[in-house]
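Undergrad: Take a look at this one; I'll ask things after.
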Amino acid sequence: MADHGRPAPGTPIILSHHAYQEPREATTRARTKEFEKNLTVPRCSPRANFSLASGASANVTSASHSKEELENPLLINNYFEGNEEGDTKKGLYFSDGKRKIDYVLVYQNRKLASQSTPQSSEAIVPNGTATNKAYKQLRGPLQEVVLDVGNPHESVEEERRARREEFEKNLMENGLEIEKDKEAKTQGIGYVRIHAPWHVLSREAEFLKIKVQTKKAFEIQQEDGIAAKMNSIWQKFTKPLQPRNEQSTQKSKHLSYPFTRDKMYLYNVTNKETFFDNSTRSRIVYEILKRTSCATAGYNVGITTLIANGVYDSAFPLHDGDYEDTDPEENERKVLYQEWARYGVFYKYQPIDLIRKYFGEKIGLYFAWLGLYTQLLMPASLVGIIVFLYGYVTIDSDIPSLEMCDEKNNFTMCPLCDKSCDYWYLSTACATARASHLFDNPATVFFSIFMALWATLFLESWKRRQMSLCYRWDLTGLEEEEEHPRPEYESKLLQKKLLREGKDRNQQKKEQEGCALGKSKWKDEVLSAMGGINLEENEKLTWRDRVPGYLGNFVSILFMIGLTFSAVFGVIMYRISIAAAMAMSTNESTKSHIQVTVTATAVIINLLVIIILDEIYGAVAEWLTKMEVPKTEKIFEERLILKAFLLKFVNSYAPIFYVAFFKGRFVGRPGRYVYIFHDYRMEECAPGGCLMELCIQLSIIMLGKQLIQNNLFEIGIPRIKKLFRKLKDERADPKESNNSGSTRQPQQWDLDYNLEPFTSLTPEYMEMIVQFGFVTLFVASFPLAPLFALLNNVIEIRLDARKFVAELRRPDAVRAKDIGIWYNILSGMGKFSVIINAFVIAITSDFIPRLVYQYMYSDDGSMHGFVNHTLSYFNISEFLQGTHPQSSHFINIKVCRYKDYREPPWSDHAYDYSKQYWAILAARLTFVIIFQNLVMVLSEVLVWLISDVPKDISIRMKKEKTLFVDVLLKEEQEKVNLIESFPVQDRQKQNLKTEVQKSRASSFTQRARNQRSSFTSFSSQHTDV
């Protein structure tokens, strides 16, 4: 809708509705051609005034304006029409090309019902509420507007429009400057662009205590001696790995101090527009958006609540331009893409300082943590490869596997299943036994101890790295910021308040006399005016309000854990039934590959179930956390992390725990097997032990999750969501009646709105925490786990980098001095891994039985005879009816062997556990206790040796405090000297004034004497005459 044209049908009219009147003659002359391109709304705050001619900010003091201008301030909101876009510098500035866009609000223009205004031939679309006199004279008297409110959806849209106008008005009262497109569309997307002028930035920076650099700098003392030479050599060696524009060493550092307007002399403010970087500017604007309220809402409202209620569609800061632009002028986003987000630079270090500057401290700490974790995986991978190669080299000298493969021994084993399975020779499991030695060898114990100490070293190294980053990023004195309540919490409070008011009204109706109620109400009003009570501030959710949510959480989590166990049990039943079915096959090839086929297919099914349940549990954890109604975002995030971690931990590791500690432990013995549902016999471990199967299970699940869930999902799902959202917008938005906007080039806010919104870092951390569990918890069974984790993380870093730079909207810069609750989870998993690896070595592997046999039962102290020592005897005549093999190729067999430590059938205590079983069990428990305490002691020693704060950082912090105190004392002394100099100057001026007066008086006296003498001389001459 143009300024002078009949409105199209369905044109929205915002807030105030007026009949259009022809402007006065003076007003008509004032509307120049430049003014025709601007849409005017009333200004709500006299803090900054604007030029009517161009819409640019006129940064002048109130003294330079006339009284009429101050009474009727106007704000010019520019819009684009046709090709008259103005110099927006690719959508990063207002149309004047001077004011930078710090934040963007997006809303949906939806078509309303027909609106009619009597005696109206033209209409003006205001962007604000008309409050001043000049604006009312320009618009004319108020007229009634006939709205069809029969459709509830249209009344909701009108209410949202009113909320937007009030919210934007309050933003302008806070000093922000707003630019909007001309609302000529009947339906589509609308943008509100926000700019924070200097006085707003300085005020909020002082309120938020943002640290900025001062003029004072000090030199960083460089190390001398061997350490300095080694550091110099290392820097030269790693110079090709350093990203461009990243300083490896600092020779000097500027002192930092919280910004305050009273000490502007401390800061080097050369350009007010660039003094605060873009992320800081957007963070300041976001803080204003969060605390700005709407009075009509009835409760505290910020931008998060408005987005949740559909008033705005989204809110985000802009990226710094295109990352693939051929323009030689570089921006930070382009540098990040070239030096960080491309797969071709996978070998380079991350530009952590630039990441922090662009995305904020919270995201910067995540990528710093991920980079350190990936670096420390290199030595762990190297040691794991050495352990694996040791097993490969010594496989031909392993006596137990050689005995198992020797066909001369002819150990006849009992059937693996009832009826259909036949007796078999142990030598047929030779390949499995040799493969088990790759992971089940003495070097595995050393590697388990090494990885436990590695986990401690990683956590301590991160604490030092974190402290260094906090010092470099001026976060050492960061205080906890007061958080605003979440929209759901405020809605719950409002419901509680309305319910209580309803009960009060019902109680009032029951009362016969209202005198006492009136006195109570008057008393509450007096106390509220005196500051005695504040009903809205004291309103909060009590434990009675939260009990239903907590009970629902408890029951739901138990149900989800039970669902995970049910899935594991279902896979177990699949393994048992498929093994029995394949054993009944007449094909010899099928029978010979039962173990491999069943294990591989079961692990793949486990992997698919884990991936599906992971996605379900993520959504369920969020739903359960919302049910609790946490007050702030921080509490919400911590509770969400705990629930999601618990569910995903159980889901990811339940199949592995089953293979490691439960499979083959409760099968019974021949003649007395344990059955499920009276028909299915519990499955046993392979002849070489369960460790090989545990290795297969762990490797497939780990690699599958990393390949499918961490990589393919991260690449595919955001693109599918983007395509779906684009198709949805195209289907929902019909062709606009005004096609002038179609010729406009897409601006930066259009491009950023089409990107996927940023949610949180929880999914990124969760991927790495689960991987950390695979690397540490069961590393005794799979020494190559650190290597596969390293290869995944090299890709993961660049994948996440590309996602943040190119596929996501720019997130809000959030200050943080640590990684929060994730460190506690890592620390807990590190301690838990010590216990798990101790039990894996003691129970799952054959390390303890071999050790006990070698030193207690071997005749010559060697491993000869170990296989025979581990096998017990069973009299085949004692098979239960219907369980013995129906057809057998073995003739004249009286006994068969099975793996267990039991008394032989000719013993007085036949088939009872033997003395060897109890000796090995005692040795296993002893090993667990010794291993756990040894590793814990070594870990504590390592923690004691490594300080949390690097020595050089501690020295610099002390020096910085001393220097800054000296600077402040010097400035204060100069002020004192200046103040003391005022009385001295006054006395000097007074003395000078007195001397001047005396000189003037003496000169006047001398002149009078001269005049008298000359008069006397004249008189004497006259007398003589």
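Residues in the structure tokens are named by chain (A, B, ... in the order shown) and by number from 1 within that chain; ligands are numbered from 1 in the order shown.
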Would you kindly return, as a ChimeraX atom specification, each protein, DNA or RNA residue with an atom no farther than 7 Å from any atom of stretch 905-916 of chain A, considering only C-alpha atoms and excluding same-chain residues fewer than 2 positions away?

TA: /A:873-875,901-903,918-920

Undergrad: Would you list the contacts of A:Val659 as a short mmCIF file (atom, residue, chain, number, x, y, z; two decimals) with N, CA and C atoms, in the first residue's frame, taking every protein, DNA or RNA residue within 9 Å and counting only C-alpha atoms, but skipping same-chain residues closer than 3 positions in sequence?

TA:
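As written to disk, result.cif reads:
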data_model
loop_
_atom_site.label_atom_id
_atom_site.label_comp_id
_atom_site.auth_asym_id
_atom_site.auth_seq_id
_atom_site.Cartn_x
_atom_site.Cartn_y
_atom_site.Cartn_z
N ALA A 654 23.56 -50.79 27.46
CA ALA A 654 22.87 -51.98 27.99
C ALA A 654 23.25 -53.25 27.24
N PRO A 655 23.26 -53.27 25.88
CA PRO A 655 23.69 -54.51 25.20
C PRO A 655 25.13 -54.89 25.51
N ILE A 656 26.00 -53.89 25.68
CA ILE A 656 27.40 -54.16 25.95
C ILE A 656 27.57 -54.70 27.37
N PHE A 662 26.91 -60.65 31.81
CA PHE A 662 25.79 -61.55 32.06
C PHE A 662 25.73 -62.73 31.09
N LYS A 663 26.19 -62.55 29.88
CA LYS A 663 26.09 -63.64 28.92
C LYS A 663 27.01 -64.79 29.34
N GLY A 664 26.45 -65.98 29.34
CA GLY A 664 27.21 -67.18 29.69
C GLY A 664 27.42 -67.39 31.17
N CYS A 685 28.77 -68.29 25.91
CA CYS A 685 29.85 -67.57 25.23
C CYS A 685 30.53 -68.49 24.22
N CYS A 690 33.83 -64.66 26.03
CA CYS A 690 32.92 -63.58 25.61
C CYS A 690 33.64 -62.31 25.23
N LEU A 691 34.95 -62.22 25.47
CA LEU A 691 35.65 -60.97 25.21
C LEU A 691 35.68 -60.64 23.73
N GLU A 693 33.41 -61.50 21.50
CA GLU A 693 32.07 -61.03 21.14
C GLU A 693 31.83 -59.62 21.68
N LEU A 694 32.36 -59.33 22.87
CA LEU A 694 32.24 -57.97 23.41
C LEU A 694 32.96 -56.98 22.52
N GLN A 697 30.75 -56.43 19.46
CA GLN A 697 29.59 -55.62 19.83
C GLN A 697 29.98 -54.16 20.00
N THR A 844 35.41 -61.03 32.52
CA THR A 844 35.15 -61.35 31.11
C THR A 844 36.35 -62.00 30.45
#

Undergrad: Could you pull out the residues in stretch 271-390 of chain A that DSSP calls alpha helix (DSSP H) from the backbone, as an MDAnalysis selection string?

TA: chainID A and resid 278:291 303:308 332:339 352:359 361:390

Undergrad: Pick the closest to A:Leu942 from A:Phe411, A:Tyr349, A:Trp234, A:Phe458: which is it, counting only C-alpha atoms?

TA: A:Phe458

Undergrad: Leaving out A:Lys211 and any residue of its chain fewer than 5 positions from it, which residues lie within 12 Å of it when counting only C-alpha atoms, given as a ChimeraX atom specification?

TA: /A:202,205-206,254-260,266-267,276,280,471-479,815

Undergrad: Could you write those residues out with N, CA, C and O atoms, as a short mmCIF file (atom, residue, chain, number, x, y, z; two decimals), in the first residue's frame?

TA:
data_model
loop_
_atom_site.label_atom_id
_atom_site.label_comp_id
_atom_site.auth_asym_id
_atom_site.auth_seq_id
_atom_site.Cartn_x
_atom_site.Cartn_y
_atom_site.Cartn_z
N SER A 202 26.72 1.72 25.97
CA SER A 202 27.52 2.06 27.15
C SER A 202 26.74 1.85 28.44
O SER A 202 27.29 1.37 29.43
N ALA A 205 26.42 -2.02 28.86
CA ALA A 205 27.73 -2.63 29.15
C ALA A 205 28.13 -2.39 30.59
O ALA A 205 28.71 -3.27 31.24
N GLU A 206 27.81 -1.22 31.11
CA GLU A 206 28.09 -0.95 32.52
C GLU A 206 27.19 -1.78 33.43
O GLU A 206 27.64 -2.31 34.45
N HIS A 254 46.79 -5.97 27.07
CA HIS A 254 46.14 -4.79 27.63
C HIS A 254 45.38 -5.18 28.89
O HIS A 254 44.77 -6.25 28.97
N LEU A 255 45.42 -4.31 29.87
CA LEU A 255 44.63 -4.53 31.07
C LEU A 255 43.15 -4.41 30.74
O LEU A 255 42.75 -3.61 29.89
N SER A 256 42.35 -5.21 31.39
CA SER A 256 40.90 -5.20 31.18
C SER A 256 40.21 -4.75 32.45
O SER A 256 40.67 -5.04 33.56
N TYR A 257 39.10 -4.05 32.25
CA TYR A 257 38.35 -3.52 33.38
C TYR A 257 36.88 -3.44 32.98
O TYR A 257 36.56 -3.12 31.82
N PRO A 258 35.95 -3.75 33.91
CA PRO A 258 34.53 -3.63 33.57
C PRO A 258 34.19 -2.22 33.10
O PRO A 258 34.60 -1.23 33.70
N PHE A 259 33.43 -2.15 32.02
CA PHE A 259 33.12 -0.86 31.42
C PHE A 259 32.26 -0.03 32.37
O PHE A 259 31.29 -0.51 32.95
N THR A 260 32.66 1.23 32.53
CA THR A 260 31.89 2.17 33.32
C THR A 260 32.03 3.55 32.69
O THR A 260 33.11 3.93 32.23
N LEU A 266 39.91 5.59 30.86
CA LEU A 266 40.69 4.36 30.88
C LEU A 266 40.70 3.66 29.53
O LEU A 266 41.62 2.91 29.22
N TYR A 267 39.66 3.89 28.72
CA TYR A 267 39.47 3.10 27.51
C TYR A 267 39.90 3.89 26.28
O TYR A 267 39.81 5.13 26.25
N PHE A 276 32.61 -1.82 20.62
CA PHE A 276 32.06 -3.13 20.98
C PHE A 276 31.92 -3.96 19.71
O PHE A 276 31.38 -3.48 18.71
N THR A 280 29.17 -8.74 21.02
CA THR A 280 28.83 -8.00 22.24
C THR A 280 27.62 -7.11 22.02
O THR A 280 26.74 -7.01 22.89
N TYR A 471 41.40 -16.50 31.40
CA TYR A 471 42.28 -15.34 31.58
C TYR A 471 42.41 -14.56 30.27
O TYR A 471 42.36 -13.32 30.26
N ARG A 472 42.58 -15.28 29.17
CA ARG A 472 42.76 -14.61 27.88
C ARG A 472 41.48 -13.89 27.44
O ARG A 472 41.54 -12.85 26.81
N TRP A 473 40.33 -14.46 27.79
CA TRP A 473 39.05 -13.88 27.37
C TRP A 473 38.43 -12.99 28.45
O TRP A 473 37.25 -12.62 28.33
N ASP A 474 39.18 -12.69 29.50
CA ASP A 474 38.71 -11.78 30.56
C ASP A 474 37.45 -12.30 31.24
O ASP A 474 36.46 -11.59 31.42
N LEU A 475 37.48 -13.59 31.62
CA LEU A 475 36.34 -14.20 32.29
C LEU A 475 36.66 -14.60 33.73
O LEU A 475 35.85 -15.27 34.37
N THR A 476 37.81 -14.19 34.23
CA THR A 476 38.24 -14.64 35.56
C THR A 476 37.31 -14.14 36.65
O THR A 476 37.07 -14.84 37.63
N GLY A 477 36.79 -12.96 36.53
CA GLY A 477 35.91 -12.41 37.56
C GLY A 477 34.45 -12.45 37.17
O GLY A 477 33.65 -11.66 37.69
N LEU A 478 34.08 -13.35 36.26
CA LEU A 478 32.70 -13.41 35.78
C LEU A 478 31.77 -13.87 36.89
O LEU A 478 32.01 -14.90 37.53
N GLU A 479 30.71 -13.12 37.10
CA GLU A 479 29.74 -13.45 38.12
C GLU A 479 28.51 -14.08 37.47
O GLU A 479 28.27 -13.93 36.27
N ARG A 815 28.01 -15.66 27.62
CA ARG A 815 29.23 -15.73 28.43
C ARG A 815 29.19 -16.96 29.33
O ARG A 815 28.16 -17.27 29.92
#

Undergrad: Contacts of A:Thr428 at 9 Å or less, counting only C-alpha atoms, minus same-chain residues fewer than 5 places along, as a list in words?

TA: Met404, Cys405 and Glu407 of chain A

Undergrad: Which residue out of A:Leu787, A:Tyr658, A:Asp277, A:Thr238 has the minimum interatomic distance to A:Leu201 when only C-alpha atoms are used?

TA: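 Between A:Leu787, A:Tyr658, A:Asp277, A:Thr238, the residue approaching A:Leu201 most closely is A:Asp277.
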
Undergrad: Which residues are close to A:Glu628, i.e. within 9 Å by only C-alpha atoms, leaving aside same-chain residues fewer than 2 positions away? Reply as a short mmCIF file (atom, residue, chain, number, x, y, z; two decimals) with C-alpha atoms, in the first residue's frame.

TA:
data_model
loop_
_atom_site.label_atom_id
_atom_site.label_comp_id
_atom_site.auth_asym_id
_atom_site.auth_seq_id
_atom_site.Cartn_x
_atom_site.Cartn_y
_atom_site.Cartn_z
CA ARG A 546 5.82 -29.65 41.28
CA VAL A 547 4.88 -33.01 42.78
CA PRO A 548 2.82 -34.15 39.75
CA GLY A 549 5.71 -33.31 37.43
CA TYR A 550 8.25 -35.14 39.59
CA GLY A 552 5.48 -38.21 36.11
CA ASN A 553 9.23 -37.94 35.54
CA LEU A 624 9.80 -34.55 30.92
CA THR A 625 11.93 -31.50 31.75
CA LYS A 626 9.17 -29.17 30.59
CA PRO A 630 12.07 -25.17 35.77
CA PHE A 636 16.16 -26.33 32.50
#

Undergrad: Which polymer residues have any atom within 8 Å of an atom of A:Arg163, counting only C-alpha atoms, with same-chain residues fewer than 3 positions away left out, as a PyMOL selection string?

TA: chain A and resi 159-160+166-167+294+296+311

Undergrad: Restricting the calculation to only C-alpha atoms: of A:Gly773, A:Pro811, A:Pro849, A:Pro415, which residue gets closest to A:Ala785?

TA: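 Once distances to A:Ala785 are computed over only C-alpha atoms, the minimum belongs to A:Gly773.
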
Undergrad: So how far away is atom CA of A:Phe666 from atom CA of A:Tyr653, in Å?

TA: 20.2 Å

Undergrad: Separation of atom CA of A:Val387 and atom CA of A:Ile825, in Å?

TA: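 Pair atom CA of A:Val387 / atom CA of A:Ile825 returns 28.2 Å.
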
Undergrad: Write out as JSON, numbers by chain each polymer residue whose atoms come within 12 Å of A:Thr762, counting only C-alpha atoms; drop sequence neighbours fewer than 2 positions from it.

TA: {"A": [362, 363, 366, 618, 621, 622, 636, 637, 638, 639, 640, 641, 642, 643, 644, 645, 758, 759, 760, 764, 765, 766, 767, 768, 769, 819, 820, 821, 822]}
